[in-house]
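The block underneath contains the structure these notes are about, expressed in structure tokens.
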Amino acid sequence: MSTGGTGAARLQLEGVSKRFGGLQVFKDITFEIPPGDLLGVIGPNGAGKTTLINVISGNLPPTQGRILLGKQNVTGKPVYAMSRMGVVRSFQQTNVFRNASVRENLARALRFSGAEGGSWRGIAELLEALGLAARLEEPAEKLPYGLQKMLGLMMAYATSPKVLLLDEPAAGLERRERARVDALIDHARNALGCAVLLVEHDMELIRRICPRIMVLEAGSVIAAGAPDEVLSRPDVIEAYLGPGDSEGP
Amino acid sequence: NSGCELKLGMIGPLSGAATSWGVALRSGAEFGAAEVNKTGGLPVGAEKCKVSVVSYDSKYTADGAAAGANYFASQNVKFIIGPVGSPEATGIKPVAQRNGQITFSTAYAKNAIEPQFPLAFHELSGPATWAPPLAKAAKEKFGFQSIVCVAPNDQGGTDIASVDAEAYRAVGIKASEEYYQRGTTNFAPIIQRILNQNPDAVDTASSPPGDAATMAKQLREAGFNGVIGRLGGPGTAEIIRAVGGVEKLGNFYWLEIVSTDDPGVKALWEEYKELMGQPAPDNTLMIPAVASSRLLLKAISKAGTIDDAAKVAEALRSLPVEDKNLGKGEWTGQKIYGINQELSFPVGMGLIINGKTVGVQKIDTVEAR
Amino acid sequence: MTGRRRGRLVGAAEITALLLCVVAFATPWLTHNLFVLSVINQILIATMAAYSVHVMLRMNLLSFAVPAFMAMGGFAGALVAKHGGTNVLLVGGVSFLVPALIALPLGILILRLRGVYFVLVTYIFSEILQLLLFETPHLTGGSNGISGIPAATFLAQSFSSSAAVLQIAAGLALVATVVTAALCQWCEQPFAAIDENETLAASLGLVIWRFKALGFVVAAGLAGLAGLSLVLMLLTAHPSSFSPLSSVNYITYAIVGGRASILGPAVGSALLVFAGNIFSSQGEYSPGFFGVLILLVVFIARGGITGAVHTLWSRRRKQPASLAASTKLQDLA
Amino acid sequence: MHGIISAGIIGIGLGAQYALLALGFTLIFGVLGVVNFAHGGFYVLGGYVGYWAVSSAGLPYPVAVLAAVVATAALGYLFELVFVERFVDEQLATMMLTVGLYLVMSTGVLAGFGPEPADFAFPVTGSWHGGGFFIPWANLIVLGVCVLAIAAVYLVLYRTDLGRALRALADDRPVARAQGIRPHLLFPLAFALATGLAGLTGAVVTPILTLSPHVGDSVLATSFMVVILGGLGSVTGSTVAAFVVGLIEAYSDVYLGGSKGALALFLLVLLILIAKPSGLFGREARRA
Amino acid sequence: MLEIDRLEVRYGGITALRGISIEVKEGETVLLVGANGAGKSSLINAVMGLVPAESGTIRFANADLSSLSCDRRARAGIGYAPEGRRVFPSLSVTDNVLAGAFGLGRARQSEALSWLHESFPLLAERGNQLAGQLSGGEQQIVALARAMASFPKLLLLDEPFLGLAPVWIARISEAIRAMQRLGTTILMTEQMARPALKLATRGYVIRGGEVRRSGPVAEIRDLALADEYL
Ligand SMILES: Nc1ncnc2c1ncn2[C@@H]1O[C@H](COP(=O)(O)OP(=O)(O)OP(=O)(O)O)[C@@H](O)[C@H]1O
Ligand SMILES: Nc1ncnc2c1ncn2[C@@H]1O[C@H](COP(=O)(O)OP(=O)(O)OP(=O)(O)O)[C@@H](O)[C@H]1O
Ligand SMILES: [Mg+2]
Ligand SMILES: [Mg+2]
């Protein structure tokens, strides 16, 4: 296993805003994630979580504000540059190279990232744990949904990121497989020293692994702090959890 | 002896916008062949050869024509009527020379024939030959002082319009040139540009018939009352139709590559119909093709070989130019191309004056040679 | 470069393509039939041009710029041969490099465009180049082109006969095949990734524009070689040889041959150029025959000719294919 | 000043013609994702059917136009059903099929009508003159037809079930089928609609310009340029782009000359696309 | 209403459903639970006609579906919200919903639209936006509304809660209940078992393409929430 941690870096957002024409998606977001830390981001649908990830990862330029990686200002850098500097995202909808085999998918992640730390050795153990090791030669499109999702996560991981942005990694996964997401995140934090930003609607998962969370609503942060504390605030319940306790799978 | 077979090749555009020219050329060659076959074949040495025509579609491109020459070489075809256009002539010259094939092109290119290609012949006289006398005649008839020559921006246009313009200037007419992109369908902006120059006359030079017709029509629609000329290509019928009749066309003059009102030429259409069993194509380019096929066959007979192009070329140059329908002509070209291999017959100038057809006058091109 | 399958041999398709060039080179010793030589020469030219299309198709980009780059290569080669020197290596090098160098800045501008937008821009580029040829008579001879080009030479030998011209074309095609194969091999994974999912590839760190630009530059160079061979065949550089609409032909060759393998361009060009020559002797119905042929091939051979053959082949040999796959397990870790 | 206005009038005339041309092309291309290389072929065929109906069958011109629309639509319907339908998701294959069809069609027209331009004249001649300007009546009629056709297509595409269904099919065929939409019925219909429009354009425009078997070649390039410049699949976009192209062409041709004008037009279109990579009205629908 | 008998579905070499039999009575809401890859989506897609059945029969409203194409089935009264949303990205939100009500006639369409606008105000607010630009959860709403827009007799919902915030799950559940009140029969799959179980009347536990357990919700609740069924 690689020691990873050496290249770890802190992700910092300073007053970042994004608007699409007339629609202000979010405004003045400020937070930081130190290496090895995990920040959970929750919020109702359409709150701007995916857009936030898009802005950090370089898929979209921010309208305002600065994004810092360590001491370096990385605002507005293109996606591949962000990725090469170690800021890598996963996708909300399964996103893999459907015509390529699982192996080719992973090989591409290793090759494209050009990361020195990345190697088959480094990910072999995790592949086993995620249930992908046995299906390396299958075309990705033939995998069941859950494994495609795992593959997508695994590809982000294989680039040896410093900052991992996960967009609903557990959505659509069946309960037991969600534990594998936990394992992957732990791995990223501990083995690679990754700063992780996790967007998720599964409150059980959030409660289980997030030391702190942030609630995004209509484009602003309405609460931040430890999960138990935040999730019991009435405004969060009102805006996000809803009256009935329908949470959890 | 029925063993001898002579194949005449025809290379020209048989698809695309210039198809009608290729078809005309082929018909001319076929007619020439049929005439000889009717007499029992072409005497070559001791044999009488049956003449047939094979054709190849050059698509109006240099490489198409070159490929055609090679195709004919593989079929042992040494004598080619065509190609038609300038790009084709450019493409075929070196290849045909290499293959030992005689060509008879109709291209108006400035270098349609050249001294270094002794096997390349020219089927009809080019703009450098007929433009000066026609420009002079037009000036005498209509008395205009300024003219704009319009043509497509490729070789098929520039090589003619520029010569036309030069000829007008030589007789003291203020001439300018306008080139449009080939493929233009609506000429309204070009017409506007021409009208902005306020010329007395407009010459559509070698624009394709359809283009020339549209231009003539749009000129008249825009209120242009001056003279329209056409020193370049055929297509008078289309122009008259497009404008809506001779009356609306007003003043118009055009080049006929042969003097079509001559009784001899007129007779050719009848002969064609009788011999071939169908009407001749409605395109005068057929006439020089007939003349050059006849002359070529005569030369082959005289040289007594169906393989040696150089020998036939020699015979061709030495033959007097005398055609059954076109009358007397001559070999020209020395002054313009540096080689005397252009088959020249008198050309014609067609006239419509004040909305009335005057007919085609014979124009002697002797001065320019 | 971890994880990439190393040491993989050059595939059967690449070898076949190279062999075909060698055979083409040898034809003058097999036959003197001028038509055969002429058709093979045309096929070689078409194949190089279709390679140019093929390289871009690997990245899911359909390029109509082939005639433009052919013209650049052809005219550059013609000018060098006339005023510089006629050595094949010099002329060939120039006709590869000039279009390639022009393609670099151009590519940076237009490779952001995708799908049909890219198609249109490349088509427009071909139109622009054609017009530029007309508008620069001092350099390119304008609408008359450049004629009187001396034959190419190599080691004091002059290539002027049809057979020699063919052999030059075969040599250039061999180079083009090697370049195409090397590029497609080396960039196989990036190209496939760009083809399938650009967003994902970028977010894994692939510098997309770099590969697209590389492909575009090489494609331009390949087209330049094709243009040069055309010019050498005709001994004339004429604008009408590079008409924008002729790009449709090269695209047709590449697609009908099949885009999955490097053999596609060669097979497509061979079939269609040969058929085109045969049809041309059928007079004005030739485009019709050609059209019917295209309809038939596309209708019958899904994925192009090589694609259809491949499908048939792998259907017959399903077992060995999956076996081969499982042996690759060992290069994990 | 006078010249500027005249050129503007000419540009609008060209624009109307281009808009009409582009309409059928957008429909097939934007909606079915098929690049129809035979578009120019249907334009020419429309012209010849109209010509035949007037000159041989002796029908009045409006009826001839109708006949042209029906004939081209029927051929388009058949072609899509027999050939395109099987390959509808493969853009390259459909492109090749239409290339093949175009070659066959233009050869057919050549064989049927000969290579010379046909004698097909617009029944209305003359121009409207006023204030030193003139507009041929025929151009005004084309402008009217153009407006009507655009309005009709716009309504069909954006205000009816049929249009919605077509666009849904183009986006995601299986899911669209699962909504009860019948691709085997609708795609040929859409294709027929589009080729019918090309036929209509041919029957209306060729008598004003020229009708010969190969006038379709340049039609394709123009339609293509207009449609992409406007932004894929946007009827509004391609209409606006048609007038933009028409005006640029008019001004550059008038002030720079035909050849340089074309160069200027192409350069401008190139610049527009570099600045706006998804066309004037393109909207990016998919996102990360 | 829906009877599936010994249905088998294969993808090349992989058998996804091994002779599965399931019944959904009129007005019922049946929930399919099972691990990833158990074959739930395959079953739904087979009913819709999007994947061919290798063997076995599917009967709907006493008619055999096997000879009917996908679109015929839709017109026979089956509504479908596919896995992973699959909205029509280049259609506006309103057009997406109306595409679901294809061929119903203007009156019914506007009726459906106003009903759906009431349940999902988002649809009205964002009516003109392209569906492809919506957030994941918003797209899910559009996909559901599209499936409901034709007031189908049988509604197939493949993971309707995927990616929805808890508060939205409650809202969607409300809309599904409204469908139930209209008498709609529903067959759904869901990984978020808890809220799904609240809606269902009966359930099937599927594993490896076969039915493991079935019964009223009360009976399978514990099983579905526990890990054993894997
Ligand atoms: N390209 C775009 N153009 C216009 N609006 C957009 C675009 N992309 C996103 N939006 C809007 O921005 C808002 C935020 O979207 P985003 O995808 O970030 O939400 P989210 O928090 O990830 O929601 P979910 O949990 O449903 O995935 C949404 O209302 C969406 O419609
Ligand atoms: N297109 C396909 N090609 C090949 N195999 C497939 C395909 N679709 C599904 N499968 C296989 O069929 C099996 C059942 O898949 P299905 O999608 O029905 O499961 P599911 O229960 O819906 O899972 P999930 O909860 O992840 O959605 C899986 O093993 C899967 O790999
Ligand atoms: Mg999201
Ligand atoms: Mg599923």
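Identifiers in this document derive from the order of the structure tokens: chains are assigned A, B, ..., residues are numbered from 1 separately in each chain, and ligands are numbered from 1 in order of occurrence.
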
Which residues of segment 39-106 of chain E sit at most 10 Å from segment 149-170 of chain D, using only C-alpha atoms? Give each one's shortest atom pair and distance in Å (one decimal place), in chain and ascending residue order, as CSV.
residue,atom,partner,partner_atom,distance
E:Val87,CA,D:Ala168,CA,9.0
E:Phe88,CA,D:Ala168,CA,5.9
E:Pro89,CA,D:Ala168,CA,8.7
E:Ser90,CA,D:Arg167,CA,7.8
E:Leu91,CA,D:Ala168,CA,7.1
E:Ser92,CA,D:Arg164,CA,9.8
E:Asp95,CA,D:Arg164,CA,6.5
E:Asn96,CA,D:Ala168,CA,7.8
E:Leu98,CA,D:Asp161,CA,7.9
E:Ala99,CA,D:Ala165,CA,6.2
E:Gly100,CA,D:Ala165,CA,9.3
E:Ala101,CA,D:Asp161,CA,8.9
E:Phe102,CA,D:Asp161,CA,6.3
E:Gly103,CA,D:Asp161,CA,6.8
E:Leu104,CA,D:Asp161,CA,9.1
E:Gly105,CA,D:Asp161,CA,8.6
E:Arg106,CA,D:Asp161,CA,9.0

**OP:** Please provide the set of residues having any atom within 7 Å of segment 170-186 of chain E, restricted to only C-alpha atoms, with same-chain residues fewer than 6 positions apart removed, written as a VMD selection string.
**Re:** (chain A and resid 246) or (chain E and resid 26 to 30 119 152 to 156)

Original post:
If you run DSSP on this backbone, which residues of segment 144-223 of chain C come out as strand (DSSP E or B), and could you give them as a PyMOL selection string?
Top reply: chain C and resi 146-147+152-154+157-159

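Picture a line from atom CA of Asn99 of chain A to atom CA of Ser41 of chain E; it runs 20.7 Å.
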
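For the choices E:Asp222, E:Glu23, E:Glu159, E:Glu138, the atom-to-atom distance to ligand 3 is smallest for E:Glu138 when using only C-alpha atoms and all ligand atoms.
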
**OP:** Write out as number ranges by chain each polymer residue (protein, DNA or RNA) that has an atom no more than 9 Å from ligand 2, with only C-alpha atoms and all ligand atoms counted.
**Re:** A: 139, 141-148, 172-174; E: 9-17, 32-45, 51, 83, 158-159, 189-191, 206-209

**OP:** With a distance cut-off of 8 Å and only C-alpha atoms, select the neighbouring residues of segment 180-195 of chain B, excluding the residue or stretch itself and same-chain residues fewer than 6 positions from it, and output the selection as a PyMOL selection string.
**Re:** (chain B and resi 148+150-154+211+214-215+218-219+224) or (chain D and resi 6-7+10-11+14+209-210+215+217-218+249-251+253-255+257-259+262)

**OP:** Would you kindly return, as a list of chain:residue names, each protein, DNA or RNA residue with an atom no farther than 8 Å from any atom of Ser21 of chain E, considering only C-alpha atoms and excluding same-chain residues fewer than 2 positions away?
**Re:** E:Glu3, E:Ile4, E:Asp5, E:Arg6, E:Leu7, E:Gly19, E:Glu23, E:Val211

Export, as a PDB file, in the first residue's frame, the selected residues with N, CA and C atoms.
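So result_9.pdb came out as:
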ATOM      1  N   GLU E   3     -49.823 -10.666 -14.142  1.00  0.00           N
ATOM      2  CA  GLU E   3     -49.377 -12.001 -13.726  1.00  0.00           C
ATOM      3  C   GLU E   3     -48.137 -12.380 -14.507  1.00  0.00           C
ATOM      4  N   ILE E   4     -47.079 -12.630 -13.771  1.00  0.00           N
ATOM      5  CA  ILE E   4     -45.830 -13.028 -14.406  1.00  0.00           C
ATOM      6  C   ILE E   4     -45.590 -14.482 -14.050  1.00  0.00           C
ATOM      7  N   ASP E   5     -45.391 -15.272 -15.087  1.00  0.00           N
ATOM      8  CA  ASP E   5     -45.278 -16.698 -14.829  1.00  0.00           C
ATOM      9  C   ASP E   5     -43.976 -17.261 -15.385  1.00  0.00           C
ATOM     10  N   ARG E   6     -43.170 -17.790 -14.521  1.00  0.00           N
ATOM     11  CA  ARG E   6     -41.901 -18.442 -14.877  1.00  0.00           C
ATOM     12  C   ARG E   6     -41.107 -17.646 -15.928  1.00  0.00           C
ATOM     13  N   LEU E   7     -40.939 -16.403 -15.622  1.00  0.00           N
ATOM     14  CA  LEU E   7     -40.254 -15.514 -16.571  1.00  0.00           C
ATOM     15  C   LEU E   7     -38.745 -15.710 -16.482  1.00  0.00           C
ATOM     16  N   GLY E  19     -36.840 -17.939 -14.198  1.00  0.00           N
ATOM     17  CA  GLY E  19     -38.187 -18.477 -14.035  1.00  0.00           C
ATOM     18  C   GLY E  19     -38.938 -17.877 -12.868  1.00  0.00           C
ATOM     19  N   GLU E  23     -47.226 -11.927  -8.947  1.00  0.00           N
ATOM     20  CA  GLU E  23     -48.573 -11.482  -9.273  1.00  0.00           C
ATOM     21  C   GLU E  23     -48.863 -10.155  -8.601  1.00  0.00           C
ATOM     22  N   VAL E 211     -37.526 -15.624  -6.679  1.00  0.00           N
ATOM     23  CA  VAL E 211     -38.233 -15.110  -5.517  1.00  0.00           C
ATOM     24  C   VAL E 211     -37.792 -15.902  -4.282  1.00  0.00           C
TER      25      VAL E 211
END

**OP:** Give as a PyMOL selection string the residues surrounding ligand 1 up to a distance of 9 Å, considering only C-alpha atoms and all ligand atoms.
**Re:** (chain A and resi 19-26+42-54+92+167-168+199-201+216-219) or (chain D and resi 284-288) or (chain E and resi 126+129-140+163-165)

Let's have the selection written as a compact mmCIF listing (two decimals), in the first residue's frame, with N, CA and C atoms.
# COMPACT_ATOMS: atom_id res chain seq x y z
N ARG A 19 -23.59 31.45 -10.32
CA ARG A 19 -24.93 31.73 -10.87
C ARG A 19 -25.01 31.30 -12.33
N PHE A 20 -26.18 30.79 -12.68
CA PHE A 20 -26.46 30.48 -14.09
C PHE A 20 -27.43 31.52 -14.58
N GLY A 21 -26.99 32.46 -15.36
CA GLY A 21 -27.91 33.49 -15.83
C GLY A 21 -28.62 34.11 -14.65
N GLY A 22 -29.92 33.97 -14.60
CA GLY A 22 -30.68 34.59 -13.52
C GLY A 22 -30.72 33.76 -12.25
N LEU A 23 -30.23 32.54 -12.31
CA LEU A 23 -30.38 31.65 -11.16
C LEU A 23 -29.12 31.65 -10.31
N GLN A 24 -29.25 32.18 -9.07
CA GLN A 24 -28.12 32.13 -8.15
C GLN A 24 -28.13 30.76 -7.48
N VAL A 25 -27.19 29.90 -7.84
CA VAL A 25 -27.23 28.54 -7.30
C VAL A 25 -26.74 28.54 -5.86
N PHE A 26 -25.59 29.13 -5.62
CA PHE A 26 -25.18 29.32 -4.22
C PHE A 26 -24.35 30.60 -4.12
N ILE A 42 -25.05 18.18 3.04
CA ILE A 42 -26.40 17.71 2.75
C ILE A 42 -27.25 18.91 2.38
N GLY A 43 -28.41 18.63 1.88
CA GLY A 43 -29.31 19.71 1.51
C GLY A 43 -30.36 19.16 0.58
N PRO A 44 -31.48 19.86 0.53
CA PRO A 44 -32.56 19.37 -0.32
C PRO A 44 -32.13 19.31 -1.79
N ASN A 45 -32.93 18.65 -2.59
CA ASN A 45 -32.60 18.53 -4.00
C ASN A 45 -32.61 19.89 -4.64
N GLY A 46 -31.61 20.10 -5.46
CA GLY A 46 -31.53 21.38 -6.15
C GLY A 46 -30.90 22.46 -5.30
N ALA A 47 -30.32 22.08 -4.15
CA ALA A 47 -29.72 23.09 -3.28
C ALA A 47 -28.43 23.60 -3.86
N GLY A 48 -27.82 22.86 -4.72
CA GLY A 48 -26.57 23.33 -5.33
C GLY A 48 -25.37 22.48 -4.97
N LYS A 49 -25.59 21.30 -4.46
CA LYS A 49 -24.48 20.46 -4.01
C LYS A 49 -23.63 19.99 -5.18
N THR A 50 -24.30 19.45 -6.21
CA THR A 50 -23.54 18.99 -7.37
C THR A 50 -22.84 20.15 -8.03
N THR A 51 -23.51 21.28 -8.10
CA THR A 51 -22.88 22.45 -8.70
C THR A 51 -21.65 22.85 -7.91
N LEU A 52 -21.73 22.75 -6.58
CA LEU A 52 -20.58 23.06 -5.75
C LEU A 52 -19.40 22.16 -6.13
N ILE A 53 -19.68 20.87 -6.28
CA ILE A 53 -18.61 19.95 -6.67
C ILE A 53 -18.09 20.32 -8.05
N ASN A 54 -19.00 20.64 -8.96
CA ASN A 54 -18.57 21.03 -10.31
C ASN A 54 -17.64 22.24 -10.27
N GLN A 92 -22.60 11.92 -9.79
CA GLN A 92 -23.86 11.53 -9.15
C GLN A 92 -24.51 10.37 -9.89
N ASP A 167 -20.03 12.61 -5.00
CA ASP A 167 -21.41 13.05 -5.20
C ASP A 167 -22.35 11.86 -5.04
N GLU A 168 -22.99 11.79 -3.92
CA GLU A 168 -23.94 10.71 -3.61
C GLU A 168 -23.39 9.33 -3.95
N VAL A 199 -21.15 14.40 -0.54
CA VAL A 199 -22.55 14.81 -0.69
C VAL A 199 -23.39 13.55 -0.60
N GLU A 200 -24.37 13.52 0.24
CA GLU A 200 -25.12 12.28 0.42
C GLU A 200 -26.51 12.60 0.97
N HIS A 201 -27.47 11.77 0.58
CA HIS A 201 -28.81 11.90 1.16
C HIS A 201 -29.07 10.81 2.19
N LEU A 216 -26.75 22.80 3.09
CA LEU A 216 -26.91 23.79 2.03
C LEU A 216 -28.40 23.89 1.73
N GLU A 217 -28.90 25.13 1.73
CA GLU A 217 -30.31 25.25 1.35
C GLU A 217 -30.48 26.50 0.52
N ALA A 218 -31.09 26.32 -0.62
CA ALA A 218 -31.31 27.44 -1.54
C ALA A 218 -30.04 28.26 -1.70
N GLY A 219 -28.91 27.60 -1.75
CA GLY A 219 -27.68 28.30 -2.11
C GLY A 219 -26.92 28.92 -0.96
N GLU D 284 -26.78 24.01 -24.12
CA GLU D 284 -26.13 22.78 -23.66
C GLU D 284 -27.09 22.07 -22.72
N ALA D 285 -27.59 20.91 -23.16
CA ALA D 285 -28.63 20.26 -22.36
C ALA D 285 -28.07 19.31 -21.31
N ARG D 286 -26.99 18.65 -21.63
CA ARG D 286 -26.47 17.66 -20.70
C ARG D 286 -25.38 18.28 -19.85
N ARG D 287 -25.23 17.78 -18.66
CA ARG D 287 -24.18 18.32 -17.82
C ARG D 287 -23.55 17.21 -17.00
N ALA D 288 -22.47 17.54 -16.30
CA ALA D 288 -21.71 16.52 -15.57
C ALA D 288 -22.54 15.84 -14.49
N ARG E 126 -40.23 25.43 -12.87
CA ARG E 126 -39.14 25.21 -13.82
C ARG E 126 -39.63 24.74 -15.18
N GLN E 129 -37.42 25.21 -18.22
CA GLN E 129 -36.00 24.85 -18.20
C GLN E 129 -35.81 23.51 -18.92
N LEU E 130 -34.65 23.34 -19.51
CA LEU E 130 -34.36 22.03 -20.11
C LEU E 130 -34.16 21.03 -18.98
N ALA E 131 -34.76 19.88 -19.15
CA ALA E 131 -34.70 18.90 -18.08
C ALA E 131 -33.26 18.46 -17.81
N GLY E 132 -32.44 18.48 -18.84
CA GLY E 132 -31.05 18.05 -18.66
C GLY E 132 -30.27 18.97 -17.73
N GLN E 133 -30.80 20.16 -17.49
CA GLN E 133 -30.06 21.10 -16.64
C GLN E 133 -30.49 21.00 -15.18
N LEU E 134 -31.47 20.18 -14.89
CA LEU E 134 -31.95 20.10 -13.51
C LEU E 134 -30.98 19.32 -12.65
N SER E 135 -31.11 19.46 -11.36
CA SER E 135 -30.31 18.66 -10.44
C SER E 135 -30.84 17.23 -10.47
N GLY E 136 -30.03 16.32 -9.95
CA GLY E 136 -30.39 14.92 -9.98
C GLY E 136 -31.77 14.65 -9.39
N GLY E 137 -32.01 15.19 -8.23
CA GLY E 137 -33.29 14.93 -7.56
C GLY E 137 -34.44 15.55 -8.33
N GLU E 138 -34.20 16.72 -8.88
CA GLU E 138 -35.26 17.38 -9.66
C GLU E 138 -35.61 16.55 -10.88
N GLN E 139 -34.61 15.97 -11.49
CA GLN E 139 -34.87 15.10 -12.64
C GLN E 139 -35.71 13.90 -12.22
N GLN E 140 -35.43 13.40 -11.03
CA GLN E 140 -36.20 12.25 -10.55
C GLN E 140 -37.68 12.60 -10.48
N GLY E 163 -31.64 9.15 -4.81
CA GLY E 163 -31.03 10.48 -4.77
C GLY E 163 -31.95 11.57 -4.26
N LEU E 164 -33.03 11.20 -3.57
CA LEU E 164 -33.92 12.24 -3.08
C LEU E 164 -33.62 12.55 -1.62
N ALA E 165 -33.73 13.82 -1.30
CA ALA E 165 -33.59 14.24 0.10
C ALA E 165 -34.77 13.69 0.89

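Distance check against Ile22 of chain E using only C-alpha atoms: of E:Leu65, E:Met48, E:Gly56, E:Ala193, the minimum falls on E:Gly56.
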
**OP:** At a cut-off of 8 Å, list the chain C residues touching chain D, using only C-alpha atoms, as a PyMOL selection string.
**Re:** chain C and resi 109-110+112-113+116-117+120-121+124-125+127-128+131-132+135+199+252+255-256+284-285+287-295+298-299+303

Subject >> Contact residues around Pro150 of chain C with only C-alpha atoms at 10 Å, ignoring same-chain residues under 6 positions, as JSON, numbers by chain >> reply: {"C": [78, 81, 82, 83, 85, 86, 158, 159, 160, 232, 235, 236]}

Selection from above, N, CA, C and O atoms, as a tab-separated table (two decimals), in the first residue's frame, can you write it?
chain	number	residue	atom	x	y	z
C	78	ALA	N	5.04	20.89	-53.97
C	78	ALA	CA	5.27	21.35	-55.35
C	78	ALA	C	6.24	22.52	-55.37
C	78	ALA	O	7.16	22.58	-56.18
C	81	ALA	N	9.72	21.29	-54.61
C	81	ALA	CA	10.29	20.55	-55.73
C	81	ALA	C	10.72	21.50	-56.84
C	81	ALA	O	11.73	21.29	-57.51
C	82	LYS	N	9.95	22.57	-57.02
C	82	LYS	CA	10.27	23.49	-58.10
C	82	LYS	C	11.42	24.41	-57.76
C	82	LYS	O	12.26	24.71	-58.60
C	83	HIS	N	11.45	24.87	-56.51
C	83	HIS	CA	12.44	25.90	-56.18
C	83	HIS	C	13.50	25.44	-55.19
C	83	HIS	O	14.51	26.11	-55.02
C	85	GLY	N	14.37	21.61	-53.96
C	85	GLY	CA	15.07	20.39	-54.31
C	85	GLY	C	14.06	19.30	-54.49
C	85	GLY	O	12.95	19.38	-53.96
C	86	THR	N	14.39	18.30	-55.25
C	86	THR	CA	13.39	17.28	-55.59
C	86	THR	C	13.58	16.00	-54.81
C	86	THR	O	12.85	15.04	-55.02
C	158	SER	N	15.56	9.48	-60.80
C	158	SER	CA	14.40	10.32	-60.97
C	158	SER	C	13.15	9.46	-61.18
C	158	SER	O	13.18	8.50	-61.94
C	159	PHE	N	12.09	9.81	-60.48
C	159	PHE	CA	10.87	9.00	-60.55
C	159	PHE	C	9.86	9.66	-61.45
C	159	PHE	O	9.07	10.48	-60.99
C	160	SER	N	9.90	9.34	-62.72
C	160	SER	CA	8.94	10.02	-63.58
C	160	SER	C	7.96	9.08	-64.27
C	160	SER	O	6.86	9.48	-64.60
C	232	LEU	N	2.31	14.55	-57.19
C	232	LEU	CA	3.37	13.86	-57.92
C	232	LEU	C	2.78	13.00	-59.03
C	232	LEU	O	3.38	12.83	-60.09
C	235	LEU	N	1.81	15.54	-61.62
C	235	LEU	CA	2.87	16.52	-61.91
C	235	LEU	C	2.30	17.94	-61.96
C	235	LEU	O	2.83	18.82	-62.61
C	236	THR	N	1.23	18.15	-61.27
C	236	THR	CA	0.55	19.44	-61.24
C	236	THR	C	-0.10	19.62	-59.87
C	236	THR	O	-0.68	18.67	-59.36

Taking only C-alpha atoms into account, which residues of chain A are within 6 Å of chain C, as a PDB file with C-alpha atoms, in the first residue's frame?
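The file below, iface-v8.pdb, is the result:
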ATOM      1  CA  VAL A  79     -10.800  20.048 -15.005  1.00  0.00           C
ATOM      2  CA  TYR A  80      -7.755  18.096 -16.050  1.00  0.00           C
ATOM      3  CA  SER A  83      -7.430  16.469 -11.414  1.00  0.00           C
ATOM      4  CA  ARG A  84      -3.699  16.398 -11.940  1.00  0.00           C
ATOM      5  CA  ALA A 107      -5.966   1.402 -16.211  1.00  0.00           C
ATOM      6  CA  ALA A 109      -7.654   6.194 -14.361  1.00  0.00           C
ATOM      7  CA  ARG A 111      -2.644   6.382 -16.724  1.00  0.00           C
ATOM      8  CA  PHE A 112      -4.566   9.580 -17.268  1.00  0.00           C
ATOM      9  CA  SER A 113      -3.912  10.932 -13.816  1.00  0.00           C
ATOM     10  CA  TRP A 120      -2.333  -1.561  -9.412  1.00  0.00           C
ATOM     11  CA  ARG A 121      -0.684  -2.642  -6.207  1.00  0.00           C
TER      12      ARG A 121
END

Please provide the set of residues having any atom within 9 Å of Phe142 of chain B, restricted to only C-alpha atoms, with same-chain residues fewer than 2 positions apart removed, written as a short mmCIF file (atom, residue, chain, number, x, y, z; two decimals) with C-alpha atoms, in the first residue's frame.
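Saved result, result02.cif, follows:
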data_model
loop_
_atom_site.label_atom_id
_atom_site.label_comp_id
_atom_site.auth_asym_id
_atom_site.auth_seq_id
_atom_site.Cartn_x
_atom_site.Cartn_y
_atom_site.Cartn_z
CA ALA B 137 -17.50 43.69 -83.55
CA ALA B 138 -19.54 44.14 -80.37
CA LYS B 139 -18.20 47.64 -79.91
CA GLU B 140 -19.09 48.50 -83.46
CA PHE B 144 -20.66 50.69 -75.36
CA VAL B 227 -26.02 45.25 -73.41
CA ASN B 251 -29.49 43.81 -76.63
CA ILE B 353 -30.71 43.81 -81.16
#
